[in-house]
$ cat my_file37.cif   # mmCIF, C-alpha atoms
data_my_file
#
loop_
_atom_site.label_atom_id
_atom_site.label_comp_id
_atom_site.auth_asym_id
_atom_site.auth_seq_id
_atom_site.Cartn_x
_atom_site.Cartn_y
_atom_site.Cartn_z
CA MET D 1 13.14 4.19 -9.17
CA SER D 2 13.11 1.75 -6.29
CA ARG D 3 12.97 -1.94 -7.12
CA GLY D 4 13.26 -5.02 -4.96
CA GLN D 5 11.67 -7.93 -3.15
CA ILE D 6 10.50 -8.47 0.38
CA ARG D 7 10.15 -11.99 1.76
CA LEU D 8 8.30 -12.74 4.98
CA SER D 9 6.89 -15.87 6.59
CA GLN D 10 4.07 -16.48 9.05
CA MET D 11 3.13 -19.69 10.87
CA VAL D 12 -0.62 -20.34 11.02
CA ASN D 13 -2.26 -22.92 13.28
CA ALA D 14 -4.38 -24.37 10.49
CA ALA D 15 -4.07 -26.82 7.61
CA PRO D 16 -2.80 -25.54 4.23
CA GLU D 17 -6.24 -26.10 2.68
CA THR D 18 -7.81 -23.76 5.25
CA VAL D 19 -5.13 -21.09 4.87
CA PHE D 20 -5.37 -21.25 1.06
CA ALA D 21 -9.16 -20.92 1.21
CA TYR D 22 -8.91 -17.72 3.28
CA LEU D 23 -6.05 -16.36 1.18
CA THR D 24 -7.98 -16.78 -2.06
CA ASP D 25 -11.39 -15.65 -0.80
CA VAL D 26 -10.95 -12.24 -2.43
CA ASP D 27 -14.22 -10.92 -0.99
CA ARG D 28 -12.63 -11.20 2.46
CA SER D 29 -9.31 -9.56 1.56
CA PRO D 30 -10.25 -6.28 3.29
CA GLU D 31 -10.54 -8.20 6.58
CA TRP D 32 -6.81 -8.92 6.62
CA ASP D 33 -5.20 -6.40 4.25
CA PRO D 34 -5.67 -2.90 5.68
CA ALA D 35 -4.92 -1.15 2.37
CA VAL D 36 -7.66 -3.06 0.49
CA ALA D 37 -11.16 -1.62 0.60
CA ARG D 38 -12.65 -4.05 -1.93
CA VAL D 39 -11.68 -6.63 -4.56
CA THR D 40 -13.84 -7.12 -7.64
CA ARG D 41 -13.51 -10.11 -9.95
CA MET D 42 -13.26 -8.85 -13.50
CA THR D 43 -13.22 -12.38 -14.97
CA ARG D 44 -16.25 -14.65 -14.83
CA GLY D 45 -16.12 -18.06 -13.25
CA PRO D 46 -14.09 -19.44 -10.40
CA LEU D 47 -10.80 -17.90 -9.35
CA ARG D 48 -8.04 -19.47 -11.45
CA LYS D 49 -4.81 -18.73 -13.28
CA GLY D 50 -5.52 -15.87 -15.68
CA SER D 51 -8.33 -14.33 -13.59
CA ILE D 52 -8.24 -10.54 -13.38
CA LEU D 53 -8.93 -8.85 -10.04
CA ARG D 54 -9.52 -5.13 -9.49
CA GLY D 55 -8.50 -3.95 -6.07
CA THR D 56 -9.79 -0.73 -4.60
CA LEU D 57 -7.07 0.54 -2.30
CA GLU D 58 -7.25 3.30 0.27
CA ILE D 59 -3.84 4.75 1.13
CA ASP D 60 -3.38 7.95 3.12
CA GLY D 61 -6.97 8.98 2.44
CA GLU D 62 -6.64 8.51 -1.34
CA THR D 63 -8.48 5.85 -3.36
CA TYR D 64 -6.63 3.91 -6.06
CA HIS D 65 -7.53 1.04 -8.35
CA ALA D 66 -5.12 -1.75 -9.19
CA ASP D 67 -5.76 -4.48 -11.72
CA ASP D 68 -3.97 -7.77 -11.06
CA GLU D 69 -3.76 -11.09 -12.87
CA VAL D 70 -3.64 -14.41 -11.06
CA THR D 71 -0.40 -15.99 -12.28
CA GLU D 72 -0.34 -19.05 -10.01
CA PHE D 73 -3.28 -21.00 -8.64
CA ASP D 74 -2.24 -24.39 -7.30
CA PRO D 75 -4.42 -25.27 -4.28
CA PRO D 76 -3.36 -25.50 -1.52
CA TRP D 77 0.31 -24.75 -2.16
CA HIS D 78 0.76 -21.65 -4.38
CA PHE D 79 -1.08 -18.46 -5.19
CA ALA D 80 0.37 -15.43 -6.96
CA ILE D 81 -0.79 -12.24 -8.64
CA ARG D 82 1.00 -9.61 -10.70
CA SER D 83 0.07 -6.10 -11.70
CA VAL D 84 -1.29 -5.75 -15.22
CA GLN D 85 -0.74 -1.99 -15.12
CA GLY D 86 2.98 -2.19 -15.86
CA GLY D 87 5.99 -2.58 -13.68
CA ALA D 88 7.02 -5.76 -11.94
CA ASP D 89 4.71 -5.49 -8.93
CA GLY D 90 3.30 -8.72 -7.65
CA ILE D 91 3.01 -11.03 -4.70
CA SER D 92 3.51 -14.75 -4.46
CA TYR D 93 2.39 -17.00 -1.61
CA SER D 94 3.74 -20.49 -0.94
CA LEU D 95 2.31 -22.76 1.73
CA ALA D 96 3.92 -25.72 3.47
CA SER D 97 2.61 -27.94 6.26
CA ASP D 98 4.56 -29.16 9.25
CA VAL D 99 4.21 -32.28 11.38
CA ASP D 100 1.99 -30.45 13.89
CA GLY D 101 -0.64 -29.57 11.27
CA ARG D 102 0.42 -25.93 11.05
CA THR D 103 1.07 -24.05 7.83
CA ARG D 104 4.06 -21.92 7.00
CA LEU D 105 2.89 -19.12 4.71
CA ASP D 106 5.76 -17.56 2.76
CA ALA D 107 5.04 -14.28 0.97
CA THR D 108 7.31 -12.65 -1.59
CA LEU D 109 6.38 -9.10 -2.58
CA SER D 110 8.08 -7.74 -5.70
CA TYR D 111 7.98 -4.00 -6.11
CA ASP D 112 8.99 -1.44 -8.71
CA LEU D 113 8.15 2.01 -7.40
CA PRO D 114 8.15 4.97 -9.83
CA ASP D 115 10.48 7.94 -9.47
CA PRO D 116 9.09 10.67 -7.22
CA PRO D 117 8.00 13.98 -8.74
CA PRO D 118 10.88 16.40 -9.37
CA GLY D 119 11.85 18.47 -6.36
CA THR D 120 10.47 16.04 -3.77
CA SER D 121 12.52 14.09 -1.31
CA TYR D 122 12.41 10.33 -1.43
CA ASP D 123 13.96 7.74 0.84
CA PRO D 124 14.01 4.29 -0.81
CA GLY D 125 14.88 2.67 2.53
CA ALA D 126 11.81 4.19 4.17
CA ALA D 127 9.63 3.11 1.24
CA ARG D 128 10.94 -0.46 1.55
CA GLN D 129 10.31 -0.43 5.30
CA ASP D 130 6.74 0.81 4.76
CA LEU D 131 6.10 -2.03 2.28
CA SER D 132 7.62 -4.57 4.67
CA ASP D 133 5.58 -3.28 7.60
CA GLY D 134 2.38 -3.42 5.52
CA LEU D 135 3.07 -6.98 4.37
CA LYS D 136 3.87 -8.09 7.91
CA ALA D 137 0.67 -6.50 9.25
CA SER D 138 -1.45 -8.22 6.61
CA LEU D 139 0.12 -11.65 7.27
CA VAL D 140 -0.43 -11.28 11.03
CA ALA D 141 -4.03 -10.15 10.45
CA LEU D 142 -4.67 -13.13 8.15
CA LYS D 143 -3.21 -15.52 10.76
CA GLU D 144 -5.34 -14.01 13.52
CA LEU D 145 -8.51 -14.09 11.39
CA ILE D 146 -8.05 -17.77 10.50
CA GLU D 147 -7.12 -18.88 14.01
CA ARG D 148 -9.98 -16.93 15.57
CA GLU D 149 -12.59 -18.35 13.18
CA ILE D 150 -11.46 -21.98 13.29
CA ALA D 151 -10.85 -22.12 17.03
CA PRO D 152 -13.13 -24.54 18.86
CA PRO D 153 -15.88 -22.83 20.84
CA THR D 154 -15.07 -22.25 24.49
#
$ encode --input "my_file37.cif" --output "structure tokens"
Amino acid sequence: MSRGQIRLSQMVNAAPETVFAYLTDVDRSPEWDPAVARVTRMTRGPLRKGSILRGTLEIDGETYHADDEVTEFDPPWHFAIRSVQGGADGISYSLASDVDGRTRLDATLSYDLPDPPPGTSYDPGAARQDLSDGLKASLVALKELIEREIAPPT
């Protein structure tokens, strides 16, 4: 089993309220997270602590479903989800503003990957790197989406 955490940060040229709004607009998650095909709210009402989200993920041509619970919802500073399917998988986002009106978005991904099937090779370092690369790509895509959409018209 491979267990650990990955922490990455991204500066976004937008206010924390704007970044938080994009981050928690689950219908738009596929626009910035390449593994996510769709997110469905399983809990009625507004997104809040305790809400259950079902993500449809497409990885290497395979479709998976992941149910997650919102464990933190403190606009515009904290948002976190954890897997309700077992394990310690989850992601937490913290936002902080700077004097220039930008937002530092810190993401902490916790992972607990199962053992591979018997007889298969497995490189935990490569798995960690893949997770890190995926998280970095999604943070960059979120930054670019926000900055593109809030930029003044030219």
$ resolve_selection --input "my_file37.cif" --expression "the PyMOL selection byres ((chain D and resi 37) around 12)" --output "list in words"
Val26, Asp27, Arg28, Ser29, Pro30, Glu31, Trp32, Asp33, Pro34, Ala35, Val36, Arg38, Val39, Thr40, Arg54, Gly55, Thr56, Leu57, Glu58, Ile59, Gly61, Glu62, Thr63, Tyr64, His65 and Ala66 of chain D
$ closest_residue --input "my_file37.cif" --among "D:Ser51, D:Ser97, D:Thr103, D:Ser83" --to "Ile146 (chain D)" --atoms "all atoms listed in the file"
D:Thr103
$ closest_residue --input "my_file37.cif" --among "D:Asp123, D:Asp98, D:Asp106, D:Asp112" --to "Ala14 (chain D)" --atoms "all atoms listed in the file"
D:Asp98
$ resolve_selection --input "my_file37.cif" --expression "the PyMOL selection byres ((chain D and resi 129-134) around 9)" --output "list of chain:residue names"
D:Ile6, D:Arg7, D:Leu8, D:Asp33, D:Pro34, D:Ala35, D:Leu109, D:Tyr111, D:Pro124, D:Gly125, D:Ala126, D:Ala127, D:Arg128, D:Leu135, D:Lys136, D:Ala137, D:Ser138, D:Leu139
$ resolve_selection --input "my_file37.cif" --expression "the PyMOL selection byres ((chain D and resi 105) around 8)" --output "list in words"
Ser9, Gln10, Met11, Val12, Tyr93, Ser94, Leu95, Ala96, Thr103, Arg104, Asp106 and Ala107 of chain D
$ write_last_selection --input "my_file37.cif" --atoms "C-alpha atoms" --output "PDB file, keeping the file's coordinate frame"
ATOM      1  CA  SER D   9       6.890 -15.870   6.590  1.00  0.00           C
ATOM      2  CA  GLN D  10       4.070 -16.480   9.050  1.00  0.00           C
ATOM      3  CA  MET D  11       3.130 -19.690  10.870  1.00  0.00           C
ATOM      4  CA  VAL D  12      -0.620 -20.340  11.020  1.00  0.00           C
ATOM      5  CA  TYR D  93       2.390 -17.000  -1.610  1.00  0.00           C
ATOM      6  CA  SER D  94       3.740 -20.490  -0.940  1.00  0.00           C
ATOM      7  CA  LEU D  95       2.310 -22.760   1.730  1.00  0.00           C
ATOM      8  CA  ALA D  96       3.920 -25.720   3.470  1.00  0.00           C
ATOM      9  CA  THR D 103       1.070 -24.050   7.830  1.00  0.00           C
ATOM     10  CA  ARG D 104       4.060 -21.920   7.000  1.00  0.00           C
ATOM     11  CA  ASP D 106       5.760 -17.560   2.760  1.00  0.00           C
ATOM     12  CA  ALA D 107       5.040 -14.280   0.970  1.00  0.00           C
TER      13      ALA D 107
END
$ residues_around --input "my_file37.cif" --residues "Thr43 (chain D)" --least-positions-apart "5" --cutoff "10 Å" --atoms "only C-alpha atoms" --output "list in words"
Arg48, Gly50, Ser51, Ile52, Leu53, Arg54 and Glu69 of chain D
$ closest_residue --input "my_file37.cif" --among "D:Asp60, D:Arg41, D:Thr24, D:Arg148" --to "Ser92 (chain D)" --atoms "all atoms listed in the file"
D:Thr24
$ atom_distance --input "my_file37.cif" --atom1 "CA of Gly101 (chain D)" --atom2 "CA of Asp25 (chain D)"
21.3 Å
$ closest_residue --input "my_file37.cif" --among "D:Asp115, D:Pro153, D:Ile81, D:Pro75" --to "Thr18 (chain D)" --atoms "all atoms listed in the file"
D:Pro75
$ closest_residue --input "my_file37.cif" --among "D:Ala21, D:Trp77, D:Ser110, D:Asp67" --to "Gly90 (chain D)" --atoms "only C-alpha atoms"
D:Ser110
$ closest_residue --input "my_file37.cif" --among "D:Thr154, D:Phe79, D:Pro118, D:Glu72" --to "Val19 (chain D)" --atoms "all atoms listed in the file"
D:Phe79
$ atom_distance --input "my_file37.cif" --atom1 "CA of Met42 (chain D)" --atom2 "CA of Glu17 (chain D)"
24.7 Å
$ atom_distance --input "my_file37.cif" --atom1 "CA of Gln85 (chain D)" --atom2 "CA of Thr71 (chain D)"
14.3 Å
$ residues_near_point --input "my_file37.cif" --point "(12.1, -0.8, -9.0)" --cutoff "6 Å" --atoms "all atoms listed in the file" --output "MDAnalysis selection string"
chainID D and resid 1:4 111:113
$ write_last_selection --input "my_file37.cif" --atoms "C-alpha atoms" --output "PDB file, in the frame of the given file"
ATOM      1  CA  MET D   1      13.140   4.190  -9.170  1.00  0.00           C
ATOM      2  CA  SER D   2      13.110   1.750  -6.290  1.00  0.00           C
ATOM      3  CA  ARG D   3      12.970  -1.940  -7.120  1.00  0.00           C
ATOM      4  CA  GLY D   4      13.260  -5.020  -4.960  1.00  0.00           C
ATOM      5  CA  TYR D 111       7.980  -4.000  -6.110  1.00  0.00           C
ATOM      6  CA  ASP D 112       8.990  -1.440  -8.710  1.00  0.00           C
ATOM      7  CA  LEU D 113       8.150   2.010  -7.400  1.00  0.00           C
TER       8      LEU D 113
END
